[in-house]
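Note sheet for the following structure.
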Amino acid sequence: MSTLRPGYATRQGTEAYARTFGAGCAPGHYSDFLNWHLKLSSLGLGTFPGAATDDVDEAYAEIVATVARAGINVFDTAAHYRYGRSARALGAGLAHAFAAGVAREQVFVVAKGGFLAFPEGVPADLDAWLDANIVARGLGTRADLAGRHLISPAHLAAQIDAAREALGLATLDAFLLDQPEVHIPAIGKERANRKIGAVFEALETAVRAAKIRCYGIATFDGLRAATDAPLFQSLTSLLGLAERAAQAVAGHARHALRVVQLPFNQAMPEGFTRFSQATGQGNVASSIQAARQLHLYVVASHTLGKGLFARECAAALATATPGLANPAQRALQFARSTPGIGTCLAGISSPAHLEDLLAVARVVPLAKAEYLKLYARAGEP
């Protein structure tokens, strides 16, 4: 195994980062990460898009190194992104940033797992690949599989180690179980939650081994769906699973579940507008509001809607942001101004929208009153 860089994001490190590398960013650009008081950029770099080619790898590495020196200190990847190449490209970019003076303690790196990673591309015979690479290695069984997603403690533990190796980091700041709701149609919510609970035990173990600092879940439908929808994920139920996992691993209920990720953009605002979560504190709230009440940090994905909102935006948003240059900048400003969202991700694999990301970092987020007017203008209740 190669030498992994020690350390993780700290309050002192991220505060120093905001004062130095983030000096050109506008007030309000940095969010406070829960009671750790990390200063995390309201805009983060995702690594999903792009072809699985050397050219895209090199572009990602250059973009990572550039934004890390320009006030963006949150980075997100997943085991299956571009067949594992995204994590390695992110690791290369971070290495360049570290060589240029950015400290490990100044950046927050998120990795995700659950979907199968195919380093050589999607196999022609998935069953044979699964037998050789999962079952034979004791990482899971076919009963743990839903499509190309596999939930088992051993599989997620292996993906943590693979991410650490690819990124060159001894400790990941956060590791998220990616879209566990895909198992619900096949096995039902009760069994799916039992499997999530077992994975949470593995993640609690990884926290205590200093492989990760905290964990969470990334969803596509789970935190946007209505309460009675089959794929709905209850935040209080997830916290209960985390408490039980911590109790099983460490003998107490002080868990390390800290982060939730969900899509959020002009066409997918349900995380903010749909009141679906019973918080256990006497009220019902949206997923984003409930997460804030329950001390969970919210990361928004799909900010640019897979490129759609880089080309167009709602008329009300264009009116509210006259100083921004184009729809991409307006989409980023919309998401990062949402009350309760800590960081919104933009997947940028080419320099085309790099300046848009940096330009928005230099602009003050919309005031809450101005933000809420967007919903009134759009006819939202």
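Residue names in the structure tokens use chain letters A, B, ... in the order shown, residue numbers from 1 in each chain, and ligand numbers from 1 in the order shown.
Look at Gly342 (chain A): the protein and nucleic acid residues within 9 Å of it, using only C-alpha atoms and passing over chain neighbours fewer than 6 places away, are Tyr30, Ser31, Asp32, Phe33, Leu40, Ser41, Ser42, Leu43, Tyr297, Val298, Val299, Ala300 and Arg336 of chain A.
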Write down as an MDAnalysis selection string the residues of region 182-364 of chain A whose backbone DSSP state falls under helix (DSSP H, G or I).
chainID A and resid 182:208 235:250 270:273 287:293 305:310 315:320 327:336 351:361
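Residue nearest His255 (chain A) within the list A:Thr20, A:Thr205, A:Thr319, A:Asn326: A:Thr205 [criterion: smallest interatomic distance, only C-alpha atoms].
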So that I can check the secondary structure, give me every residue of region 245-342 of chain A assigned strand (DSSP E or B) by backbone DSSP, as a VMD selection string.
chain A and resid 257 to 263 265 268 275 to 278 284 to 286 297 to 301
Save the residues we just selected, C-alpha atoms, as a PDB file, in the first residue's frame?
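Result written to again24.pdb:
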ATOM      1  CA  LEU A 257     -23.889  10.271  11.328  1.00  0.00           C
ATOM      2  CA  ARG A 258     -23.366  13.884  10.258  1.00  0.00           C
ATOM      3  CA  VAL A 259     -24.076  14.370   6.535  1.00  0.00           C
ATOM      4  CA  VAL A 260     -27.020  13.940   4.166  1.00  0.00           C
ATOM      5  CA  GLN A 261     -26.897  14.586   0.433  1.00  0.00           C
ATOM      6  CA  LEU A 262     -29.860  15.104  -1.898  1.00  0.00           C
ATOM      7  CA  PRO A 263     -30.550  16.619  -5.327  1.00  0.00           C
ATOM      8  CA  ASN A 265     -32.222  22.598  -8.211  1.00  0.00           C
ATOM      9  CA  MET A 268     -36.152  19.486  -7.939  1.00  0.00           C
ATOM     10  CA  PHE A 275     -42.846  19.136   4.484  1.00  0.00           C
ATOM     11  CA  SER A 276     -42.374  15.405   4.965  1.00  0.00           C
ATOM     12  CA  GLN A 277     -40.122  14.889   7.983  1.00  0.00           C
ATOM     13  CA  ALA A 278     -41.392  14.455  11.551  1.00  0.00           C
ATOM     14  CA  VAL A 284     -43.008  18.523  10.665  1.00  0.00           C
ATOM     15  CA  ALA A 285     -40.438  20.059   8.351  1.00  0.00           C
ATOM     16  CA  SER A 286     -38.875  19.706   4.938  1.00  0.00           C
ATOM     17  CA  TYR A 297     -25.077  18.923   7.423  1.00  0.00           C
ATOM     18  CA  VAL A 298     -26.834  19.144   4.054  1.00  0.00           C
ATOM     19  CA  VAL A 299     -24.952  18.772   0.777  1.00  0.00           C
ATOM     20  CA  ALA A 300     -26.930  19.460  -2.406  1.00  0.00           C
ATOM     21  CA  SER A 301     -26.180  17.529  -5.592  1.00  0.00           C
TER      22      SER A 301
END
Residues at most 9 Å from region 8-19 of chain A, counting only C-alpha atoms, excluding those fewer than 5 positions away in the same chain, as a PyMOL selection string?
chain A and resi 24-25+30+36-41+71+73+102-109+169-173+212-213
How close does each residue of region 149-254 of chain A get to region 84-94 of chain A, giving the shortest atom pair and distance in Å to one decimal for every residue with an atom at most 7 Å away, counting only C-alpha atoms, sorted by chain and residue number, as a tab-separated table?
residue	atom	partner	partner_atom	distance
A:Ala163	CA	A:Ala87	CA	6.7
A:Ala166	CA	A:Arg88	CA	4.8
A:Leu167	CA	A:Gly91	CA	3.9
A:Gly168	CA	A:Gly91	CA	6.0
